[in-house]
Each structure stands twice: as structure tokens, then as C-alpha cells.
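Next comes query_4.csv, with CSV, C-alpha atoms and all ligand atoms.
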chain,number,residue,atom,x,y,z
A,1,MET,CA,88.3,128.0,126.6
A,2,ASN,CA,89.9,126.3,129.5
A,3,SER,CA,89.0,126.2,133.2
A,4,ILE,CA,88.6,129.5,135.0
A,5,THR,CA,90.9,128.2,137.7
A,6,SER,CA,93.8,129.0,135.3
A,7,VAL,CA,93.1,132.7,136.0
A,8,TYR,CA,93.6,132.4,139.8
A,9,LYS,CA,97.0,131.2,140.9
A,10,ILE,CA,98.3,131.4,144.5
A,11,GLY,CA,102.0,132.3,144.6
A,12,ASN,CA,104.6,134.8,145.7
A,13,GLY,CA,104.7,138.2,144.2
A,14,PRO,CA,105.6,140.6,142.8
A,15,SER,CA,104.9,139.6,139.2
A,16,SER,CA,102.8,136.7,137.8
A,17,SER,CA,104.9,136.7,134.6
A,18,HIS,CA,108.2,137.4,136.4
A,19,THR,CA,108.0,135.3,139.6
A,20,VAL,CA,104.9,132.9,139.6
A,21,GLY,CA,105.4,131.7,136.0
A,22,PRO,CA,109.3,131.3,136.2
A,23,TYR,CA,109.0,129.6,139.6
A,24,HIS,CA,106.5,127.0,138.1
A,25,ALA,CA,108.7,126.7,135.0
A,26,ALA,CA,111.8,126.0,137.1
A,27,ARG,CA,109.9,123.4,139.2
A,28,THR,CA,108.6,121.7,136.1
A,29,PHE,CA,112.0,121.5,134.4
A,30,GLY,CA,113.7,120.4,137.6
A,31,ALA,CA,111.1,117.6,138.0
A,32,ARG,CA,111.8,116.4,134.5
A,33,TYR,CA,115.6,116.2,134.9
A,34,PRO,CA,116.2,115.4,138.6
A,35,ASP,CA,119.5,113.6,137.8
A,36,ALA,CA,121.2,116.6,136.3
A,37,ASP,CA,124.1,118.0,138.3
A,38,ALA,CA,123.8,121.6,137.0
A,39,TYR,CA,121.2,123.8,135.5
A,40,GLU,CA,121.4,127.0,133.5
A,41,VAL,CA,118.5,129.4,132.8
A,42,THR,CA,118.7,132.2,130.3
A,43,LEU,CA,116.2,134.9,130.5
A,44,PHE,CA,115.2,136.9,127.3
A,45,GLY,CA,113.0,139.9,126.4
A,46,SER,CA,111.0,141.5,129.2
A,47,LEU,CA,112.3,138.9,131.8
A,48,ALA,CA,115.9,139.9,131.0
A,49,PHE,CA,115.2,143.7,131.2
A,50,THR,CA,112.9,143.9,134.2
A,51,GLY,CA,113.5,140.5,135.8
A,52,GLU,CA,116.1,141.8,138.3
A,53,GLY,CA,113.7,144.3,139.9
A,54,HIS,CA,110.9,141.7,139.8
A,55,GLY,CA,112.9,139.0,141.5
A,56,THR,CA,112.8,136.5,138.6
A,57,SER,CA,116.3,135.0,139.3
A,58,LYS,CA,115.3,134.5,143.0
A,59,ALA,CA,112.1,132.8,142.0
A,60,ILE,CA,113.9,130.5,139.5
A,61,ARG,CA,116.5,129.6,142.2
A,62,GLU,CA,113.7,128.8,144.6
A,63,GLY,CA,112.2,126.5,142.0
A,64,LEU,CA,115.5,125.1,140.8
A,65,PRO,CA,118.1,125.4,143.6
A,66,GLY,CA,121.7,126.0,142.4
A,67,ALA,CA,120.6,127.1,138.9
A,68,LYS,CA,122.8,129.7,137.1
A,69,VAL,CA,120.7,132.5,135.8
A,70,VAL,CA,121.8,134.5,132.8
A,71,PHE,CA,120.2,137.7,131.5
A,72,ASP,CA,120.3,137.9,127.7
A,73,ARG,CA,119.6,141.6,126.8
A,74,GLU,CA,121.0,141.3,123.3
A,75,THR,CA,118.4,139.2,121.5
A,76,LYS,CA,115.7,141.4,120.0
A,77,GLU,CA,112.1,140.9,121.1
A,78,GLU,CA,111.0,140.4,117.5
A,79,ASP,CA,113.3,137.4,117.3
A,80,LEU,CA,111.7,135.7,120.3
A,81,PRO,CA,108.6,133.5,120.2
A,82,HIS,CA,107.2,135.3,123.2
A,83,PRO,CA,108.3,138.4,125.1
A,84,ASN,CA,108.8,136.4,128.3
A,85,THR,CA,111.1,133.6,127.0
A,86,MET,CA,113.3,131.4,129.2
A,87,LEU,CA,115.8,128.8,128.0
A,88,PHE,CA,116.3,126.0,130.5
A,89,LYS,CA,119.4,123.7,130.2
A,90,ALA,CA,120.3,120.7,132.2
A,91,PHE,CA,123.9,119.3,132.4
A,92,LYS,CA,125.3,116.0,133.6
A,93,ASN,CA,129.1,115.4,133.9
A,94,GLY,CA,129.7,118.6,132.0
A,95,LYS,CA,127.5,117.6,129.1
A,96,GLU,CA,124.2,119.3,128.1
A,97,ILE,CA,121.4,116.7,128.4
A,98,ALA,CA,118.4,118.9,127.8
A,99,ALA,CA,117.5,122.3,126.5
A,100,VAL,CA,113.9,123.5,126.6
A,101,ARG,CA,112.3,126.8,125.9
A,102,ILE,CA,109.5,127.8,128.3
A,103,PHE,CA,107.3,130.9,128.0
A,104,SER,CA,105.8,132.8,130.9
A,105,ILE,CA,102.5,133.7,129.2
A,106,GLY,CA,100.9,135.8,131.9
A,107,GLY,CA,98.9,135.3,135.0
A,108,GLY,CA,101.5,132.8,136.3
A,109,SER,CA,100.8,130.4,133.5
A,110,ILE,CA,103.6,128.8,131.4
A,111,ARG,CA,103.8,127.1,128.0
A,112,ILE,CA,106.5,124.7,127.1
A,113,GLU,CA,107.6,125.0,123.5
A,114,ASN,CA,105.9,122.5,121.2
A,115,GLU,CA,103.8,120.9,124.0
A,116,ALA,CA,100.2,121.1,125.0
A,117,SER,CA,99.6,121.8,128.7
A,118,ASP,CA,96.9,120.7,131.1
A,119,GLU,CA,95.8,124.3,131.2
A,120,ASP,CA,94.9,124.0,127.5
A,121,LYS,CA,92.2,121.4,128.2
A,122,GLU,CA,89.0,122.7,126.8
A,123,VAL,CA,86.3,123.1,129.4
A,124,TYR,CA,84.1,125.7,127.5
A,125,PRO,CA,83.3,124.9,123.9
A,126,GLN,CA,82.4,128.6,123.5
A,127,LYS,CA,85.2,130.8,122.2
A,128,ASN,CA,84.1,134.2,123.5
A,129,PHE,CA,81.5,136.0,125.6
A,130,SER,CA,78.9,136.4,122.8
A,131,GLU,CA,78.8,132.6,122.5
A,132,ILE,CA,78.3,132.2,126.2
A,133,VAL,CA,75.5,134.7,126.3
A,134,ALA,CA,73.8,133.0,123.3
A,135,LEU,CA,73.9,129.6,125.0
A,136,CYS,CA,72.6,131.1,128.3
A,137,ASN,CA,69.7,132.8,126.5
A,138,GLN,CA,69.0,129.6,124.5
A,139,GLU,CA,68.9,127.4,127.6
A,140,ASN,CA,67.3,130.1,129.8
A,141,ILE,CA,70.1,129.8,132.4
A,142,LYS,CA,72.3,132.3,134.2
A,143,ILE,CA,76.1,132.6,133.6
A,144,ILE,CA,76.8,131.1,137.0
A,145,GLN,CA,74.7,128.0,136.2
A,146,LEU,CA,76.6,127.5,132.9
A,147,ILE,CA,79.9,127.8,134.7
A,148,TYR,CA,79.0,125.0,137.2
A,149,ILE,CA,77.4,122.8,134.5
A,150,LEU,CA,80.7,122.9,132.5
A,151,GLU,CA,83.3,123.0,135.3
A,152,GLY,CA,81.5,120.7,137.7
A,153,TYR,CA,80.6,121.6,141.3
A,154,THR,CA,84.2,120.7,142.5
A,155,LEU,CA,85.0,124.2,141.2
A,156,ARG,CA,83.4,125.6,144.3
A,157,GLU,CA,86.0,124.2,146.7
A,158,LYS,CA,88.9,125.4,144.5
A,159,LEU,CA,87.3,128.9,144.5
A,160,ARG,CA,87.0,128.7,148.3
A,161,THR,CA,90.8,128.1,148.6
A,162,VAL,CA,91.4,131.0,146.2
A,163,TRP,CA,89.0,133.3,148.2
A,164,HIS,CA,90.6,132.4,151.5
A,165,ALA,CA,94.1,133.2,150.1
A,166,MET,CA,92.8,136.5,148.8
A,167,GLN,CA,91.4,137.4,152.2
A,168,GLU,CA,94.7,136.4,153.9
A,169,SER,CA,96.7,138.7,151.6
A,170,ILE,CA,94.4,141.6,152.5
A,171,ARG,CA,94.4,140.9,156.3
A,172,ARG,CA,98.2,140.6,156.4
A,173,GLY,CA,98.6,143.8,154.3
A,174,LEU,CA,96.3,145.8,156.7
A,175,LYS,CA,98.4,144.8,159.7
A,176,THR,CA,101.8,145.5,158.2
A,177,GLU,CA,103.8,148.8,158.2
A,178,GLY,CA,107.2,149.8,157.0
A,179,VAL,CA,109.1,150.3,153.7
A,180,LEU,CA,108.7,148.0,150.7
A,181,PRO,CA,111.8,146.3,149.4
A,182,GLY,CA,113.5,147.3,146.1
A,183,GLY,CA,115.1,150.7,146.9
A,184,LEU,CA,112.4,153.2,146.1
A,185,GLY,CA,111.8,153.8,149.8
A,186,LEU,CA,108.0,153.5,149.3
A,187,THR,CA,106.2,153.1,152.6
A,188,ARG,CA,103.2,150.9,153.0
A,189,LYS,CA,99.9,152.8,153.2
A,190,ALA,CA,97.1,150.2,153.6
A,191,LYS,CA,97.0,150.3,157.4
A,192,PHE,CA,97.1,154.1,157.5
A,193,LEU,CA,94.3,154.3,155.0
A,194,TYR,CA,92.2,151.7,156.8
A,195,GLU,CA,92.5,153.4,160.2
A,196,LYS,CA,92.4,157.0,159.1
A,197,ARG,CA,88.8,158.2,159.5
A,198,CYS,CA,88.1,161.8,158.5
A,199,TYR,CA,86.0,163.9,160.8
A,200,ASN,CA,82.4,163.7,159.6
A,201,GLU,CA,83.3,161.2,156.9
A,202,SER,CA,80.4,160.6,154.5
A,203,ALA,CA,79.4,157.0,153.7
A,204,ASP,CA,80.8,157.4,150.1
A,205,VAL,CA,84.2,158.6,151.3
A,206,ALA,CA,84.4,155.9,153.9
A,207,MET,CA,83.5,153.2,151.3
A,208,ASN,CA,86.2,154.4,148.8
A,209,ARG,CA,88.8,154.7,151.6
A,210,VAL,CA,88.1,151.2,152.9
A,211,ILE,CA,88.1,149.7,149.4
A,212,ALA,CA,91.4,151.5,148.6
A,213,ALA,CA,92.9,150.2,151.8
A,214,TYR,CA,92.0,146.7,150.9
A,215,ALA,CA,93.5,147.1,147.4
A,216,TYR,CA,96.7,148.7,148.8
A,217,ALA,CA,96.9,145.8,151.3
A,218,ALA,CA,97.0,143.1,148.7
A,219,ALA,CA,99.1,145.0,146.2
A,220,GLU,CA,101.6,145.9,149.0
A,221,GLU,CA,101.9,142.3,150.0
A,222,ASN,CA,102.6,141.5,146.4
A,223,ALA,CA,105.3,144.2,146.2
A,224,ALA,CA,106.8,142.7,149.4
A,225,GLU,CA,107.1,139.3,147.6
A,226,LYS,CA,104.5,137.7,149.9
A,227,VAL,CA,101.8,135.2,148.8
A,228,VAL,CA,98.9,136.7,146.8
A,229,VAL,CA,96.4,135.4,144.2
A,230,THR,CA,96.7,136.4,140.6
A,231,ALA,CA,93.4,138.1,139.6
A,232,PRO,CA,94.3,137.8,136.8
A,233,THR,CA,98.0,138.8,137.6
A,234,CYS,CA,100.1,139.6,140.6
A,235,GLY,CA,100.4,143.3,139.6
A,236,SER,CA,96.6,143.6,139.6
A,237,CYS,CA,96.1,141.3,142.6
A,238,GLY,CA,94.3,144.0,144.7
A,239,VAL,CA,91.4,145.0,142.4
A,240,LEU,CA,89.0,142.1,142.6
A,241,PRO,CA,89.9,140.9,146.1
A,242,SER,CA,89.4,144.4,147.5
A,243,ILE,CA,85.9,144.7,146.1
A,244,LEU,CA,84.9,141.2,147.2
A,245,TYR,CA,86.4,141.7,150.6
A,246,TYR,CA,84.4,145.0,151.0
A,247,MET,CA,81.2,143.2,149.9
A,248,TYR,CA,81.8,140.4,152.3
A,249,LYS,CA,83.1,142.2,155.4
A,250,ASP,CA,81.4,145.6,155.2
A,251,ARG,CA,78.3,144.8,153.2
A,252,GLY,CA,77.5,141.4,154.6
A,253,PHE,CA,77.3,139.3,151.4
A,254,PRO,CA,77.7,135.6,152.4
A,255,GLU,CA,80.7,133.6,151.3
A,256,GLU,CA,78.7,131.4,149.0
A,257,GLU,CA,77.6,134.4,146.9
A,258,ILE,CA,81.2,135.7,146.9
A,259,LEU,CA,82.3,132.4,145.4
A,260,ASP,CA,79.7,132.8,142.6
A,261,ALA,CA,81.0,136.3,142.0
A,262,LEU,CA,84.5,135.0,141.9
A,263,ALA,CA,83.4,132.4,139.3
A,264,VAL,CA,81.8,135.0,137.0
A,265,ALA,CA,84.9,137.3,137.3
A,266,GLY,CA,87.0,134.3,136.4
A,267,LEU,CA,85.0,133.7,133.3
A,268,ILE,CA,85.6,137.3,132.2
A,269,GLY,CA,89.3,137.0,132.9
A,270,ASN,CA,89.3,133.7,130.9
A,271,VAL,CA,87.6,135.3,127.9
A,272,ILE,CA,90.3,138.1,127.9
A,273,ARG,CA,93.1,135.6,128.4
A,274,THR,CA,91.8,133.4,125.5
A,275,ASN,CA,91.0,136.1,123.0
A,276,ALA,CA,93.6,138.7,123.9
A,277,SER,CA,96.1,138.7,126.7
A,278,ILE,CA,96.4,139.3,130.5
A,279,SER,CA,100.1,139.9,130.3
A,280,GLY,CA,101.5,143.3,131.0
A,281,ALA,CA,104.7,142.4,129.1
A,282,GLU,CA,102.7,141.6,126.0
A,283,CYS,CA,99.8,144.1,126.1
A,284,GLY,CA,100.6,146.7,128.7
A,285,CYS,CA,98.8,147.5,131.9
A,286,GLN,CA,95.4,147.6,130.1
A,287,ALA,CA,95.8,143.7,130.0
A,288,GLU,CA,96.5,143.5,133.8
A,289,ILE,CA,94.6,146.3,135.5
A,290,GLY,CA,92.1,146.6,132.7
A,291,SER,CA,91.3,142.9,132.9
A,292,ALA,CA,91.1,143.1,136.7
A,293,CYS,CA,88.8,146.0,136.6
A,294,SER,CA,86.5,144.1,134.2
A,295,MET,CA,86.5,141.1,136.4
A,296,ALA,CA,85.7,143.2,139.5
A,297,ALA,CA,82.8,145.0,137.7
A,298,ALA,CA,81.4,141.6,136.6
A,299,ALA,CA,81.7,140.2,140.1
A,300,VAL,CA,79.8,143.1,141.7
A,301,ALA,CA,77.1,142.9,139.0
A,302,GLN,CA,76.8,139.2,139.8
A,303,LEU,CA,76.5,140.0,143.5
A,304,TYR,CA,73.8,142.5,142.8
A,305,GLY,CA,71.9,139.9,140.9
A,306,LEU,CA,72.0,141.9,137.6
A,307,SER,CA,71.2,140.4,134.2
A,308,ILE,CA,73.7,138.9,131.8
A,309,ASP,CA,73.4,142.1,129.7
A,310,GLN,CA,74.2,144.2,132.7
A,311,ILE,CA,77.1,142.0,133.7
A,312,GLU,CA,78.5,142.2,130.2
A,313,TYR,CA,78.1,146.0,130.0
A,314,ALA,CA,79.8,146.5,133.4
A,315,ALA,CA,82.8,144.4,132.3
A,316,GLU,CA,82.9,146.3,128.9
A,317,ILE,CA,82.8,149.8,130.5
A,318,ALA,CA,85.5,148.7,132.9
A,319,MET,CA,87.9,147.6,130.2
A,320,GLU,CA,87.0,150.4,127.8
A,321,HIS,CA,88.3,153.1,130.1
A,322,ASN,CA,91.6,151.3,130.7
A,323,LEU,CA,92.4,151.0,127.0
A,324,GLY,CA,95.9,152.2,126.2
A,325,LEU,CA,97.2,152.0,129.8
A,326,THR,CA,100.9,151.3,129.5
A,327,CYS,CA,103.1,149.1,131.7
A,328,ASP,CA,105.7,151.6,133.0
A,329,PRO,CA,106.7,150.6,136.6
A,330,VAL,CA,109.2,153.0,138.1
A,331,GLY,CA,112.6,151.2,138.5
A,332,GLY,CA,111.0,147.9,137.1
A,333,LEU,CA,109.4,147.4,140.6
A,334,VAL,CA,105.7,146.5,140.9
A,335,GLN,CA,105.1,149.5,143.1
A,336,ILE,CA,104.7,152.8,141.3
A,337,PRO,CA,102.1,153.2,139.7
A,338,CYS,CA,101.0,149.7,140.2
A,339,ILE,CA,99.8,149.8,143.9
A,340,GLU,CA,97.8,153.0,143.5
A,341,ARG,CA,96.4,151.7,140.2
A,342,ASN,CA,94.9,148.8,141.9
A,343,ALA,CA,92.9,151.1,144.2
A,344,VAL,CA,91.8,153.4,141.4
A,345,ALA,CA,90.7,150.4,139.3
A,346,ALA,CA,88.7,149.0,142.2
A,347,MET,CA,86.7,152.2,142.5
A,348,ARG,CA,86.3,152.4,138.7
A,349,ALA,CA,84.8,149.0,138.7
A,350,LEU,CA,82.0,150.2,141.0
A,351,SER,CA,81.3,153.1,138.7
A,352,ALA,CA,81.1,150.8,135.8
A,353,VAL,CA,78.5,148.7,137.6
A,354,ASN,CA,76.5,151.8,138.5
A,355,LEU,CA,76.4,152.9,134.8
A,356,SER,CA,75.5,149.4,133.6
A,357,ARG,CA,72.5,149.2,135.9
A,358,PHE,CA,70.8,152.0,134.1
A,359,LEU,CA,72.2,152.3,130.6
A,360,TYR,CA,72.6,148.7,129.5
A,361,GLU,CA,69.8,148.9,127.0
A,362,THR,CA,71.6,151.7,125.1
A,363,ARG,CA,75.0,150.1,124.7
A,364,LYS,CA,76.6,149.8,121.3
A,365,ILE,CA,79.8,147.9,122.1
A,366,SER,CA,80.0,144.3,123.1
A,367,PHE,CA,82.5,142.9,125.6
A,368,ASP,CA,84.2,140.8,122.9
A,369,GLU,CA,84.7,144.0,120.8
A,370,VAL,CA,86.4,145.8,123.6
A,371,VAL,CA,88.6,142.8,124.3
A,372,ALA,CA,89.6,142.7,120.6
A,373,THR,CA,90.3,146.5,120.7
A,374,MET,CA,92.5,146.0,123.8
A,375,TYR,CA,94.6,143.4,122.0
A,376,ARG,CA,95.0,145.6,118.9
A,377,THR,CA,95.8,148.6,121.1
A,401,LIG,S1,102.3,149.0,135.4
A,401,LIG,FE1,100.6,147.5,135.4
A,401,LIG,S2,101.2,145.9,134.0
A,401,LIG,FE2,103.1,147.0,134.6
A,401,LIG,S3,103.9,145.9,136.3
A,401,LIG,FE3,102.5,147.6,137.1
A,401,LIG,S4,100.5,146.6,137.4
A,401,LIG,FE4,101.7,145.2,136.1

Spell out the structure here as C-alpha cells.
Ligand code: SF4
Amino acid sequence: MNSITSVYKIGNGPSSSHTVGPYHAARTFGARYPDADAYEVTLFGSLAFTGEGHGTSKAIREGLPGAKVVFDRETKEEDLPHPNTMLFKAFKNGKEIAAVRIFSIGGGSIRIENEASDEDKEVYPQKNFSEIVALCNQENIKIIQLIYILEGYTLREKLRTVWHAMQESIRRGLKTEGVLPGGLGLTRKAKFLYEKRCYNESADVAMNRVIAAYAYAAAEENAAEKVVVTAPTCGSCGVLPSILYYMYKDRGFPEEEILDALAVAGLIGNVIRTNASISGAECGCQAEIGSACSMAAAAVAQLYGLSIDQIEYAAEIAMEHNLGLTCDPVGGLVQIPCIERNAVAAMRALSAVNLSRFLYETRKISFDEVVATMYRT
């Protein structure tokens, strides 16, 4: 498996596959052919059908100014090497000088056809979670220790940057009101949720309301095409940050422990990314919100100091109850049901941790099994 940093990318929403990935692809292609006098980018598959609502052409033009963007809705998905395929062409003096296919493979990552990428660099010799657990048990170390042994301690500063960007997205979202772009007329709700205290509100209701407000805040920033962190995608960018922000701000967990939780969550996202997919276009919302829910559950289990078995069980429960969740955004916009789904998944992650604390010895299904099932589903 590669570095967990590939799971967390900072970029403009609303979609890791449709904006963050295409933006990076455009920048990469432009840097290779800076002398070209014209560029053309053809979008296929999911990018062609939902790219307009997701702002793909805008993201490409930001990465490759002046590029002509064409939507090919004729080519069938089964004839494409990946559901999110882009064909980049560069021209000079009217002649084509390069044509390269680039795939937006989910979570803001790209793959250039027939090329290995830096993100493919193997950091973890282990292929799945079972192998990680086996090594931790053999060496008598915790998951977090294994992560720093293999990634190096420099990982910590990268995670700090990620954590600060996550917090920023929530803070901005909590302050902003108004209607989200795209035409659905959806009003932002994070600020309202955060400030609306019920009379005699119980501690449980307050906790759920505040976590939901944080999740809405990040997800609404994403829908407004502002900077968010993929965790593991833009569409699911509110789940893990909302839980971590709650633990940090409202429960007083120190930043250093939050960074450890972010690392463990990243490893869970990485296992899913390696063995299945985190792309909604490829595997539906179970791959986005389901993965985010698993990551958040593992993060909380890490913060609570639970055992490897409990961390695994929390992540497994969280994914299991998102299986089959489809990607069906209204109008192709990452708003309905996406924003609300972030809040629901954040609360579900906490329930998964609570179950795992008590029932981990009775579990029958491994995390790897549920990841494989998600991919088959
Ligand atoms: S429905 Fe889920 S997978 Fe689809 S765009 Fe929304 S958050 Fe992403």
C-alpha cells in the first residue's frame, strides 16, 4: 500500500473525482506541454454526464487556462478503461503534438495511462488490514506505531497541515449563510444548527446537533466549491473532520492525539482504496460515505485508546451498514443527499465505536471481508 497522505488532499470542491482530480490532471498535462498553443480535453463516462453540475470544466480551465472542454456522452462506459476518463490533447501550429488519457481514480488522485505515479510508491508491504494486524501483534506494537515506523515521523507535519485545513473548512462553514450555487436553491444550515439550542437540550441531543453542524459546515463549503480536504473524497469531506473537530473543541482532546487519530483513519481509507475503491463513480456512495464512516469510527476508537481488535470492529461495523448506498445526487450536484449524508454518517460512526467497545470479542466478519463485499456490491 502507498502512503496514507494520498487519502487526504486539499483542494476545491465539490467533487474529488470531478474537480480535484481533473484540476491536478490539467496542471500535470499543461506542465508537460508548456509550449503548446492550444489544448483540448474530452470528458468521458461519469465526468461527461455529471461533470457540468460538478464543475469539472471549470476545474480543468483553472488548471489549463484556455483549454477547450468537450463532453463525450456517446462512448459507452464498458468501452472505457475507467468510468472517469479524460483525453488531453495539446496542439502547436494547428498540429496535434500529444494525446494522453488520464483517469480520475477517486479521492482527487489521478493515473496517467501506462505510467506509474509517485502515489504508487509502496510504503506498506502489507496488502490489507489483516496483514497489518498480524504484524502489530507479532511485534507487539500499536497501529499508530507501525504507521510512524513505515511512513517516518515527517508524516506528522503533513497531517498537521491536513488537520488545519479541515478545521478551516468547518470554521468557515459555520460562519456562512445563504443559498448554495447550482440552482437547487438549497440554503446552508450549518450556522443555524450550531446556534439553535433547544430548551432543556440533553447532552446527547447537543452532541449530535453540534457534530451535525460541523459535518454540514464542511460539506456545505464543498458544495460551494471552496477548499476542503478529501477524507477520503470531497463528497464525504464532512464525516471525519466533524468528529475530530468535536473531539478537539468540545471534548478537549489535544491536537497531537487528533493527529494520531487522523493517521489511523488514513490507514483505514488506504486499505479501502487499495483493495476496493473510494470512488462514488466506480462503487457508489458506499465507497465515499461508507469509507468516511469507517475512517471516522477508527479515528474515535484510536482517540479512546481502544485495542486493534476494537478499532477494526468499529471500522467494519461502520462500513457494513453503508453497503449498497448508491450515488444519486439530485441534479448531479453534491448537495442532496450528500450534505445530510455526511452528518448521518458522522453520528453512525460514533454508534459503531460504542458497539465495538463491548462486542468486539463476538465479531464474525473482518474489516477486509467487508471491504471486499463493498467492492462486489
Ligand atoms: S451521493 Fe455520495 S458518492 Fe454520490 S456525489 Fe453524493 S456524497 Fe458523493

Box time for ligand LIG 401 (chain A): axis-aligned, enclosing all its listed atoms, 6 Å extra on each side; report centre and edge lengths in Å to one decimal, as JSON.
{"center_x": 102.2, "center_y": 147.1, "center_z": 135.7, "size_x": 15.4, "size_y": 15.8, "size_z": 15.4}

Do you have, as a Markdown table, the list of residues of chain A lying at most 8 Å from ligand LIG 401 (chain A), each with its nearest atom pair and that distance in Å to one decimal, counting all atoms listed in the file and ordered by chain then number?
| residue | atom | partner | partner_atom | distance |
| --- | --- | --- | --- | --- |
| A:Ser15 | CA | A:LIG401 | S3 | 7.0 |
| A:Thr233 | CA | A:LIG401 | FE4 | 7.5 |
| A:Cys234 | CA | A:LIG401 | FE4 | 7.4 |
| A:Gly235 | CA | A:LIG401 | S4 | 4.0 |
| A:Ser236 | CA | A:LIG401 | S4 | 5.4 |
| A:Ser279 | CA | A:LIG401 | S2 | 7.1 |
| A:Gly280 | CA | A:LIG401 | S2 | 4.0 |
| A:Ala281 | CA | A:LIG401 | S2 | 7.0 |
| A:Gly284 | CA | A:LIG401 | S2 | 5.4 |
| A:Cys285 | CA | A:LIG401 | S2 | 3.6 |
| A:Gln286 | CA | A:LIG401 | S2 | 7.2 |
| A:Ala287 | CA | A:LIG401 | S2 | 7.1 |
| A:Glu288 | CA | A:LIG401 | S2 | 5.3 |
| A:Ile289 | CA | A:LIG401 | FE1 | 6.1 |
| A:Leu325 | CA | A:LIG401 | FE1 | 7.9 |
| A:Thr326 | CA | A:LIG401 | S1 | 6.5 |
| A:Cys327 | CA | A:LIG401 | FE2 | 3.6 |
| A:Asp328 | CA | A:LIG401 | S1 | 4.9 |
| A:Pro329 | CA | A:LIG401 | S1 | 4.8 |
| A:Gly332 | CA | A:LIG401 | S3 | 7.4 |
| A:Leu333 | CA | A:LIG401 | S3 | 7.1 |
| A:Val334 | CA | A:LIG401 | S3 | 5.0 |
| A:Gln335 | CA | A:LIG401 | FE3 | 6.8 |
| A:Ile336 | CA | A:LIG401 | FE3 | 7.0 |
| A:Pro337 | CA | A:LIG401 | S1 | 6.0 |
| A:Cys338 | CA | A:LIG401 | FE3 | 4.0 |
| A:Ile339 | CA | A:LIG401 | S4 | 7.3 |
| A:Arg341 | CA | A:LIG401 | S4 | 7.1 |
| A:Asn342 | CA | A:LIG401 | S4 | 7.5 |

As a PDB file with C-alpha atoms, in the frame of the given file, please: the residues near range 241-254 of chain A (cut-off 6 Å, all atoms listed in the file, same-chain neighbours under 5 positions excluded).
ATOM      1  CA  MET A 166      92.800 136.500 148.800  1.00  0.00           C
ATOM      2  CA  ILE A 211      88.100 149.700 149.400  1.00  0.00           C
ATOM      3  CA  TYR A 214      92.000 146.700 150.900  1.00  0.00           C
ATOM      4  CA  ALA A 215      93.500 147.100 147.400  1.00  0.00           C
TER       5      ALA A 215
END

Distance query 9 Å from (119.9, 135.3, 132.1) using all atoms listed in the file, result as a count of residues only: 16

A:Gln126, A:Thr187, A:Ser109, A:Thr274 ranked by distance to Tyr8 in chain A, top pick (using all atoms listed in the file):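 That would be A:Ser109, the residue with the smallest distance to Tyr8 in chain A.
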
Length of the CA of Arg273 in chain A to CA of Arg111 in chain A vector [Å]: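 Computed distance, CA of Arg273 in chain A to CA of Arg111 in chain A, equals 13.7 Å.
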
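Note that the spacing between CA of Asn354 in chain A and CA of Asn137 in chain A amounts to 23.5 Å.
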
Residue nearest Pro83 in chain A - candidates A:Glu96, A:Glu320, A:Glu282, A:Glu168, atoms counted: only C-alpha atoms: A:Glu282

Atom pair CA of Thr19 in chain A / CA of Tyr375 in chain A: separation (Å):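 These two atoms are separated by 23.6 Å.
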
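The residue that comes closest to Leu350 in chain A, out of A:Ile10, A:Ala314, A:Leu180, A:Ile143 and on the basis of all atoms listed in the file, is A:Ala314.
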
Selection: 10 Å around Glu316 in chain A, only C-alpha atoms, excl. self and same-chain fewer than 5 positions, as number ranges by chain: A: 268, 290-291, 293-295, 297-298, 310-311, 321, 352, 356, 363, 365-371

Among the residues A:Leu80, A:Ile147, A:Ala203, A:Leu184, the one that comes closest to Val133 in chain A [using only C-alpha atoms]: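 Comparing A:Leu80, A:Ile147, A:Ala203, A:Leu184 against Val133 in chain A, the winner is A:Ile147.
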
Residue nearest Asn128 in chain A among A:Asn2, A:Thr176, A:Thr75, A:Asn84 (counting all atoms listed in the file):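 For Asn128 in chain A, the nearest of the candidates is A:Asn2.
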
Minimum-distance residue to Tyr23 in chain A, chosen among A:Glu201, A:Asp79, A:Asp37, A:Glu62 (using only C-alpha atoms):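 Checking each candidate against Tyr23 in chain A, we get A:Glu62 as the closest.
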